Every structure is written in structure tokens, then in C-alpha cells.
>>> print(open('upload_8.txt').read())   # compact mmCIF, C-alpha atoms and all ligand atoms
# COMPACT_ATOMS: atom_id res chain seq x y z
CA MET R 1 -0.15 34.39 48.64
CA THR R 2 -3.62 35.92 48.57
CA ASN R 3 -4.75 34.54 45.24
CA CYS R 4 -3.30 31.05 45.52
CA ILE R 5 -5.85 28.23 45.78
CA PHE R 6 -3.40 25.88 47.53
CA CYS R 7 -2.61 28.58 50.13
CA LYS R 8 -6.33 29.18 50.67
CA ILE R 9 -7.58 25.59 51.11
CA PRO R 10 -5.86 24.95 54.50
CA GLN R 11 -6.88 28.39 55.83
CA ASN R 12 -10.26 26.85 56.61
CA GLU R 13 -9.42 24.24 59.26
CA ASN R 14 -12.67 22.39 58.58
CA ASP R 15 -12.33 22.20 54.79
CA SER R 16 -13.60 18.71 54.00
CA ARG R 17 -11.36 18.53 50.91
CA ILE R 18 -8.35 17.99 53.21
CA ILE R 19 -7.96 14.28 53.82
CA SER R 20 -4.75 14.33 55.90
CA LYS R 21 -2.52 16.90 57.56
CA PHE R 22 1.15 16.52 58.47
CA LYS R 23 3.76 18.91 59.92
CA TYR R 24 4.55 20.78 56.68
CA CYS R 25 2.03 19.42 54.18
CA TYR R 26 -1.58 18.46 53.63
CA VAL R 27 -3.21 16.02 51.22
CA ILE R 28 -6.31 16.52 49.06
CA LYS R 29 -8.02 14.63 46.27
CA ASP R 30 -7.30 16.21 42.90
CA GLU R 31 -10.41 18.07 41.74
CA TYR R 32 -10.05 16.70 38.20
CA PRO R 33 -8.58 13.24 38.90
CA VAL R 34 -6.61 11.45 36.22
CA SER R 35 -7.65 8.18 37.86
CA LYS R 36 -9.64 6.92 40.84
CA GLY R 37 -7.77 7.99 44.01
CA HIS R 38 -5.56 10.70 42.43
CA LEU R 39 -4.07 12.71 45.35
CA LEU R 40 -2.07 15.91 45.69
CA ILE R 41 0.51 16.43 48.46
CA ILE R 42 0.87 20.15 49.11
CA PRO R 43 3.00 22.17 51.56
CA PHE R 44 1.10 24.66 53.76
CA HIS R 45 3.62 27.39 52.94
CA HIS R 46 3.66 28.97 49.52
CA THR R 47 6.60 27.83 47.44
CA GLU R 48 6.64 27.50 43.69
CA ASN R 49 7.96 24.03 43.14
CA TRP R 50 10.17 21.16 44.36
CA PHE R 51 13.35 23.15 43.72
CA THR R 52 12.31 26.17 45.81
CA THR R 53 11.51 24.39 49.08
CA SER R 54 13.58 22.85 51.88
CA LYS R 55 15.03 19.44 52.52
CA GLU R 56 12.65 19.04 55.49
CA VAL R 57 9.69 19.44 53.15
CA HIS R 58 11.26 17.06 50.62
CA LEU R 59 11.72 14.40 53.29
CA GLU R 60 8.20 14.79 54.63
CA ILE R 61 6.75 14.52 51.10
CA ILE R 62 8.64 11.25 50.60
CA ASP R 63 7.18 9.88 53.85
CA ILE R 64 3.68 11.03 52.87
CA LEU R 65 3.99 9.33 49.48
CA VAL R 66 4.77 6.03 51.19
CA HIS R 67 1.96 6.52 53.74
CA MET R 68 -0.72 7.51 51.22
CA LYS R 69 0.32 4.77 48.78
CA ALA R 70 -0.34 2.21 51.51
CA LYS R 71 -3.80 3.72 52.10
CA LEU R 72 -4.61 3.79 48.37
CA ASP R 73 -3.50 0.15 48.06
CA ILE R 74 -6.12 -0.80 50.63
CA GLU R 75 -8.91 1.45 49.34
CA TYR R 76 -8.54 1.09 45.55
CA LYS R 77 -6.13 -1.80 44.95
CA PRO R 78 -4.38 -0.22 41.94
CA GLN R 79 -1.80 -2.19 39.99
CA GLY R 80 0.70 0.71 39.71
CA TYR R 81 1.40 4.38 40.42
CA ASN R 82 2.74 7.46 38.74
CA ILE R 83 4.35 10.10 40.98
CA GLY R 84 4.71 13.44 39.30
CA MET R 85 5.41 17.13 39.53
CA ASN R 86 5.16 19.81 36.91
CA CYS R 87 7.90 22.32 37.78
CA GLY R 88 7.42 25.54 35.82
CA GLU R 89 5.00 26.65 33.12
CA ALA R 90 7.15 25.11 30.39
CA ALA R 91 6.68 21.77 32.14
CA GLY R 92 2.91 22.23 32.27
CA GLN R 93 2.48 23.58 35.82
CA THR R 94 -0.84 25.43 36.17
CA VAL R 95 -1.06 26.02 39.95
CA MET R 96 2.17 27.75 40.89
CA HIS R 97 2.32 26.30 44.42
CA LEU R 98 4.26 23.06 44.87
CA HIS R 99 2.13 19.92 44.70
CA VAL R 100 3.10 16.32 44.11
CA HIS R 101 0.67 14.13 42.18
CA LEU R 102 0.20 10.56 43.43
CA ILE R 103 -1.73 8.82 40.67
CA PRO R 104 -2.91 5.23 41.09
CA ARG R 105 -2.84 3.25 37.87
CA TYR R 106 -5.08 0.37 36.90
CA ALA R 107 -4.33 -2.35 34.39
CA GLY R 108 -6.13 -1.43 31.18
CA ASP R 109 -6.80 2.24 32.15
CA MET R 110 -5.20 3.18 28.84
CA GLU R 111 -4.52 1.09 25.80
CA ASN R 112 -0.71 0.98 25.98
CA PRO R 113 0.75 2.59 29.12
CA LYS R 114 4.36 1.87 28.14
CA GLY R 115 6.56 4.90 28.77
CA GLY R 116 4.40 6.36 31.58
CA VAL R 117 5.63 9.83 32.52
CA ARG R 118 7.51 10.05 29.22
CA GLY R 119 4.00 10.90 27.96
CA VAL R 120 4.55 14.54 29.05
CA ILE R 121 5.67 14.78 25.42
CA PRO R 122 3.11 12.41 23.87
CA SER R 123 5.11 11.68 20.71
CA LYS R 124 8.04 10.53 22.87
CA GLN R 125 6.11 8.29 25.27
CA LYS R 126 6.94 5.03 23.50
CA TYR R 127 10.59 4.26 22.86
P1 LIG K 1 -0.45 21.16 37.63
O1 LIG K 1 -0.12 22.54 38.15
O2 LIG K 1 -0.29 21.06 36.16
O3 LIG K 1 0.27 20.08 38.35
O4 LIG K 1 -2.00 20.93 37.85
C1 LIG K 1 -2.71 21.37 38.98
C2 LIG K 1 -3.56 20.24 39.49
O5 LIG K 1 -4.34 20.76 40.55
C3 LIG K 1 -4.54 19.66 38.46
O6 LIG K 1 -4.41 18.24 38.45
C4 LIG K 1 -5.90 20.10 38.95
O7 LIG K 1 -6.90 19.15 38.71
C5 LIG K 1 -5.66 20.30 40.42
N1 LIG K 1 -6.49 21.31 41.04
C6 LIG K 1 -6.69 22.58 40.62
N2 LIG K 1 -7.49 23.25 41.48
C7 LIG K 1 -7.79 22.37 42.47
C8 LIG K 1 -8.58 22.44 43.65
N3 LIG K 1 -9.24 23.55 44.00
N4 LIG K 1 -8.68 21.34 44.43
C9 LIG K 1 -8.03 20.20 44.10
N5 LIG K 1 -7.27 20.07 43.00
C10 LIG K 1 -7.15 21.14 42.20
ZN ZN K 2 0.25 29.16 47.50
>>> encode(input="upload_8.txt", output="C-alpha cells")
Amino acid sequence: MTNCIFCKIPQNENDSRIISKFKYCYVIKDEYPVSKGHLLIIPFHHTENWFTTSKEVHLEIIDILVHMKAKLDIEYKPQGYNIGMNCGEAAGQTVMHLHVHLIPRYAGDMENPKGGVRGVIPSKQKY
């Protein structure tokens, strides 16, 4: 896709934003991180979201999550993680090329974190 930022980034082999490359996916730091260490796992091929790609990509993403979590544990020592995907505009997706957010969480980084990803609809976060 010519106008897709996540297609373009890996076209430059030496792009310093890429912190790891795997068979199907690469990893970058989110440009506007929610927290220290916020990463994005992104397939090289253009595909809209989790539901439009293959099982091979799914399985590699799961392995990368485990691998990068171990690295983040060492580098930043977070106390928790959120793993997230926005699939479709109605769900808040802004870059229409699959990417999985790996977001380290730190005790006290927000006043009451209870409910976590339920916060996609802020009024429903606490239950
Ligand atoms: P969403 O589609 O809602 O999951 O959000 C897209 C995510 O990509 C946001 O967290 C942005 O901060 C991030 N983002 C957008 N452009 C770039 C970029 N050029 N490099 C790294 N992260 C980006
Ligand atoms: Zn793309």
C-alpha cells in the first residue's frame, strides 16, 4: 500500500525506528507512547487487522509478545502489561495496517487502573 506508514517503515532496511525483525513481523517503539517502553508489533505485509491475516502471522505475533515482554521486563521493570489491538475504525483504529500494542504498565501510572482495557469505553472501565 503506497500511502501506508507501516508498509513504508520497513522499506528502508536501515530505518533506526525498527528495533527487531522476525520472519513476518517487525517491532518499533510507538511514536506517541502511552507508557515508557510502548511497542508495536507489525507484519511486513499490508493487512488491515488481526482478523484479515493468517494463522502463521498470529502465531509469530504471540511468540514476539513473549520475547519482547521478557526484554521490556529487563529494561524497564514494569509491574504489568496491556496487550491491545484496535480492529476497525469503530474500535478506534487509526492506522489501517495490523499492529499489536504491547504496553508496559507501572504501579501508580494512573490513579485507579482497575478495568484496564475495558477503558476503551471510559464510562464502562470500572465495574
Ligand atoms: P491505532 O491504529 O489506534 O492502534 O493507533 C496507531 C498507533 O500507531 C498509535 O499508538 C500511534 O502513536 C502509532 N503511530 C502512528 N504513526 C507512527 C509512526 N510513524 N511510528 C510509530 N508509531 C506510530
Ligand atoms: Zn500497510
>>> closest_residue(input="upload_8.txt", among="R:Lys71, R:Asn49, R:Gly115, R:Lys29", to="Cys87 of chain R", atoms="all atoms listed in the file")
R:Asn49
>>> closest_atom_pairs(input="upload_8.txt", of="chain R", to="ligand ZN 2 (chain K)", cutoff="10 Å", atoms="only C-alpha atoms and all ligand atoms", output="JSON lines")
{"residue": "R:Met1", "atom": "CA", "partner": "K:ZN2", "partner_atom": "ZN", "distance": 5.4}
{"residue": "R:Thr2", "atom": "CA", "partner": "K:ZN2", "partner_atom": "ZN", "distance": 7.9}
{"residue": "R:Asn3", "atom": "CA", "partner": "K:ZN2", "partner_atom": "ZN", "distance": 7.7}
{"residue": "R:Cys4", "atom": "CA", "partner": "K:ZN2", "partner_atom": "ZN", "distance": 4.5}
{"residue": "R:Ile5", "atom": "CA", "partner": "K:ZN2", "partner_atom": "ZN", "distance": 6.4}
{"residue": "R:Phe6", "atom": "CA", "partner": "K:ZN2", "partner_atom": "ZN", "distance": 4.9}
{"residue": "R:Cys7", "atom": "CA", "partner": "K:ZN2", "partner_atom": "ZN", "distance": 3.9}
{"residue": "R:Lys8", "atom": "CA", "partner": "K:ZN2", "partner_atom": "ZN", "distance": 7.3}
{"residue": "R:Ile9", "atom": "CA", "partner": "K:ZN2", "partner_atom": "ZN", "distance": 9.3}
{"residue": "R:Ile42", "atom": "CA", "partner": "K:ZN2", "partner_atom": "ZN", "distance": 9.2}
{"residue": "R:Pro43", "atom": "CA", "partner": "K:ZN2", "partner_atom": "ZN", "distance": 8.5}
{"residue": "R:Phe44", "atom": "CA", "partner": "K:ZN2", "partner_atom": "ZN", "distance": 7.8}
{"residue": "R:His45", "atom": "CA", "partner": "K:ZN2", "partner_atom": "ZN", "distance": 6.6}
{"residue": "R:His46", "atom": "CA", "partner": "K:ZN2", "partner_atom": "ZN", "distance": 4.0}
{"residue": "R:Thr47", "atom": "CA", "partner": "K:ZN2", "partner_atom": "ZN", "distance": 6.5}
{"residue": "R:Glu48", "atom": "CA", "partner": "K:ZN2", "partner_atom": "ZN", "distance": 7.6}
{"residue": "R:Val95", "atom": "CA", "partner": "K:ZN2", "partner_atom": "ZN", "distance": 8.3}
{"residue": "R:Met96", "atom": "CA", "partner": "K:ZN2", "partner_atom": "ZN", "distance": 7.0}
{"residue": "R:His97", "atom": "CA", "partner": "K:ZN2", "partner_atom": "ZN", "distance": 4.7}
{"residue": "R:Leu98", "atom": "CA", "partner": "K:ZN2", "partner_atom": "ZN", "distance": 7.8}
{"residue": "R:His99", "atom": "CA", "partner": "K:ZN2", "partner_atom": "ZN", "distance": 9.8}
>>> atom_distance(input="upload_8.txt", atom1="atom C1 of ligand LIG 1 (chain K)", atom2="atom CA of Arg118 of chain R")
18.1 Å
>>> atom_distance(input="upload_8.txt", atom1="atom CA of Ile83 of chain R", atom2="atom O1 of ligand LIG 1 (chain K)")
13.5 Å
>>> residues_around(input="upload_8.txt", residues="segment 14-20 of chain R", least_positions_apart="2", cutoff="12 Å", atoms="only C-alpha atoms", output="PDB file with C-alpha atoms, in the coordinates of the input")
ATOM      1  CA  PHE R   6      -3.400  25.880  47.530  1.00  0.00           C
ATOM      2  CA  LYS R   8      -6.330  29.180  50.670  1.00  0.00           C
ATOM      3  CA  ILE R   9      -7.580  25.590  51.110  1.00  0.00           C
ATOM      4  CA  PRO R  10      -5.860  24.950  54.500  1.00  0.00           C
ATOM      5  CA  GLN R  11      -6.880  28.390  55.830  1.00  0.00           C
ATOM      6  CA  ASN R  12     -10.260  26.850  56.610  1.00  0.00           C
ATOM      7  CA  PHE R  22       1.150  16.520  58.470  1.00  0.00           C
ATOM      8  CA  LYS R  23       3.760  18.910  59.920  1.00  0.00           C
ATOM      9  CA  TYR R  24       4.550  20.780  56.680  1.00  0.00           C
ATOM     10  CA  CYS R  25       2.030  19.420  54.180  1.00  0.00           C
ATOM     11  CA  TYR R  26      -1.580  18.460  53.630  1.00  0.00           C
ATOM     12  CA  VAL R  27      -3.210  16.020  51.220  1.00  0.00           C
ATOM     13  CA  ILE R  28      -6.310  16.520  49.060  1.00  0.00           C
ATOM     14  CA  LYS R  29      -8.020  14.630  46.270  1.00  0.00           C
ATOM     15  CA  ASP R  30      -7.300  16.210  42.900  1.00  0.00           C
ATOM     16  CA  GLU R  31     -10.410  18.070  41.740  1.00  0.00           C
ATOM     17  CA  GLY R  37      -7.770   7.990  44.010  1.00  0.00           C
ATOM     18  CA  LEU R  39      -4.070  12.710  45.350  1.00  0.00           C
ATOM     19  CA  LEU R  40      -2.070  15.910  45.690  1.00  0.00           C
ATOM     20  CA  ILE R  41       0.510  16.430  48.460  1.00  0.00           C
ATOM     21  CA  ILE R  42       0.870  20.150  49.110  1.00  0.00           C
ATOM     22  CA  PRO R  43       3.000  22.170  51.560  1.00  0.00           C
ATOM     23  CA  PHE R  44       1.100  24.660  53.760  1.00  0.00           C
ATOM     24  CA  ILE R  64       3.680  11.030  52.870  1.00  0.00           C
ATOM     25  CA  LEU R  65       3.990   9.330  49.480  1.00  0.00           C
ATOM     26  CA  HIS R  67       1.960   6.520  53.740  1.00  0.00           C
ATOM     27  CA  MET R  68      -0.720   7.510  51.220  1.00  0.00           C
ATOM     28  CA  LYS R  71      -3.800   3.720  52.100  1.00  0.00           C
TER      29      LYS R  71
END
>>> atom_distance(input="upload_8.txt", atom1="atom CA of Glu60 of chain R", atom2="atom CA of Tyr32 of chain R")
24.6 Å
>>> closest_residue(input="upload_8.txt", among="R:Val34, R:Val120, R:Val66, R:Met85", to="Phe51 of chain R", atoms="all atoms listed in the file")
R:Met85
>>> closest_residue(input="upload_8.txt", among="R:Ile62, R:Ile121, R:Ile74, R:Val100", to="ligand LIG 1 (chain K)", atoms="all atoms listed in the file")
R:Val100
>>> closest_residue(input="upload_8.txt", among="R:Lys55, R:Lys21, R:Pro104, R:Thr94", to="ligand LIG 1 (chain K)", atoms="all atoms listed in the file")
R:Thr94
>>> axis_aligned_box(input="upload_8.txt", around="ligand LIG 1 (chain K)", padding_each_side="8 Å", output="lines of an AutoDock Vina configuration file")
center_x = -4.5
center_y = 20.9
center_z = 40.3
size_x = 25.5
size_y = 21.3
size_z = 24.3
>>> residues_near_point(input="upload_8.txt", point="(-0.2, -0.1, 36.7)", cutoff="10 Å", atoms="all atoms listed in the file", output="list in words")
Pro78, Gln79, Gly80, Tyr81, Asn82, Ile103, Pro104, Arg105, Tyr106, Ala107, Gly108, Asp109, Met110, Pro113, Lys114 and Gly116 of chain R
>>> closest_residue(input="upload_8.txt", among="R:Asn86, R:Ser35, R:Gln125, R:Ser54", to="ligand LIG 1 (chain K)", atoms="only C-alpha atoms and all ligand atoms")
R:Asn86
>>> closest_residue(input="upload_8.txt", among="R:Glu111, R:Ser123, R:Pro33, R:Tyr76", to="ligand LIG 1 (chain K)", atoms="all atoms listed in the file")
R:Pro33
>>> build_atoms(input="upload_8.txt", residues="segment 37-48 of chain R", atoms="all heavy atoms", output="compact mmCIF listing (two decimals), in the coordinates of the input")
# COMPACT_ATOMS: atom_id res chain seq x y z
N GLY R 37 -8.71 7.91 42.90
CA GLY R 37 -7.77 7.99 44.01
C GLY R 37 -6.65 9.00 43.84
O GLY R 37 -5.82 9.15 44.74
N HIS R 38 -6.62 9.72 42.72
CA HIS R 38 -5.56 10.70 42.43
C HIS R 38 -5.47 11.74 43.56
O HIS R 38 -6.42 12.44 43.85
CB HIS R 38 -5.90 11.36 41.10
CG HIS R 38 -4.93 12.40 40.62
ND1 HIS R 38 -5.07 12.99 39.39
CD2 HIS R 38 -3.84 12.99 41.18
CE1 HIS R 38 -4.11 13.89 39.20
NE2 HIS R 38 -3.34 13.90 40.29
N LEU R 39 -4.28 11.80 44.21
CA LEU R 39 -4.07 12.71 45.35
C LEU R 39 -3.03 13.76 45.02
O LEU R 39 -2.16 13.55 44.16
CB LEU R 39 -3.57 11.91 46.56
CG LEU R 39 -4.48 10.83 47.11
CD1 LEU R 39 -3.79 10.13 48.29
CD2 LEU R 39 -5.83 11.39 47.52
N LEU R 40 -3.10 14.87 45.75
CA LEU R 40 -2.07 15.91 45.69
C LEU R 40 -1.51 16.11 47.10
O LEU R 40 -2.27 16.23 48.07
CB LEU R 40 -2.67 17.24 45.21
CG LEU R 40 -3.28 17.24 43.82
CD1 LEU R 40 -3.94 18.60 43.54
CD2 LEU R 40 -2.24 16.93 42.73
N ILE R 41 -0.19 16.14 47.20
CA ILE R 41 0.51 16.43 48.46
C ILE R 41 1.05 17.85 48.33
O ILE R 41 1.77 18.16 47.36
CB ILE R 41 1.65 15.41 48.68
CG1 ILE R 41 1.06 14.00 48.73
CG2 ILE R 41 2.43 15.74 49.94
CD1 ILE R 41 2.08 12.91 48.50
N ILE R 42 0.67 18.70 49.28
CA ILE R 42 0.87 20.15 49.11
C ILE R 42 1.43 20.75 50.40
O ILE R 42 0.85 20.56 51.47
CB ILE R 42 -0.49 20.83 48.79
CG1 ILE R 42 -1.18 20.15 47.60
CG2 ILE R 42 -0.30 22.31 48.54
CD1 ILE R 42 -2.61 20.62 47.35
N PRO R 43 2.54 21.50 50.34
CA PRO R 43 3.00 22.17 51.56
C PRO R 43 2.05 23.30 51.97
O PRO R 43 1.45 23.94 51.10
CB PRO R 43 4.38 22.73 51.19
CG PRO R 43 4.47 22.68 49.72
CD PRO R 43 3.44 21.73 49.20
N PHE R 44 1.93 23.55 53.28
CA PHE R 44 1.10 24.66 53.76
C PHE R 44 1.69 26.00 53.29
O PHE R 44 0.95 26.91 52.95
CB PHE R 44 1.03 24.67 55.29
CG PHE R 44 0.27 23.51 55.87
CD1 PHE R 44 0.94 22.52 56.58
CD2 PHE R 44 -1.10 23.41 55.71
CE1 PHE R 44 0.23 21.44 57.13
CE2 PHE R 44 -1.81 22.34 56.25
CZ PHE R 44 -1.14 21.35 56.96
N HIS R 45 3.02 26.10 53.31
CA HIS R 45 3.62 27.39 52.94
C HIS R 45 3.69 27.52 51.42
O HIS R 45 3.82 26.52 50.71
CB HIS R 45 5.02 27.55 53.57
CG HIS R 45 6.09 26.74 52.89
ND1 HIS R 45 6.21 25.38 53.03
CD2 HIS R 45 7.08 27.12 52.03
CE1 HIS R 45 7.24 24.95 52.30
NE2 HIS R 45 7.78 25.99 51.69
N HIS R 46 3.61 28.76 50.97
CA HIS R 46 3.66 28.97 49.52
C HIS R 46 5.10 28.86 49.02
O HIS R 46 5.99 29.57 49.49
CB HIS R 46 3.11 30.34 49.13
CG HIS R 46 3.03 30.52 47.65
ND1 HIS R 46 1.95 30.11 46.91
CD2 HIS R 46 3.95 30.96 46.76
CE1 HIS R 46 2.18 30.33 45.62
NE2 HIS R 46 3.40 30.84 45.50
N THR R 47 5.30 27.96 48.10
CA THR R 47 6.60 27.83 47.44
C THR R 47 6.30 27.28 46.05
O THR R 47 5.38 26.49 45.87
CB THR R 47 7.55 26.90 48.24
OG1 THR R 47 8.85 26.93 47.64
CG2 THR R 47 7.06 25.46 48.30
N GLU R 48 7.06 27.75 45.06
CA GLU R 48 6.64 27.50 43.69
C GLU R 48 6.72 26.04 43.28
O GLU R 48 5.80 25.50 42.67
CB GLU R 48 7.46 28.37 42.74
CG GLU R 48 6.77 28.57 41.41
CD GLU R 48 7.22 29.84 40.70
OE1 GLU R 48 7.20 30.91 41.33
OE2 GLU R 48 7.62 29.72 39.55
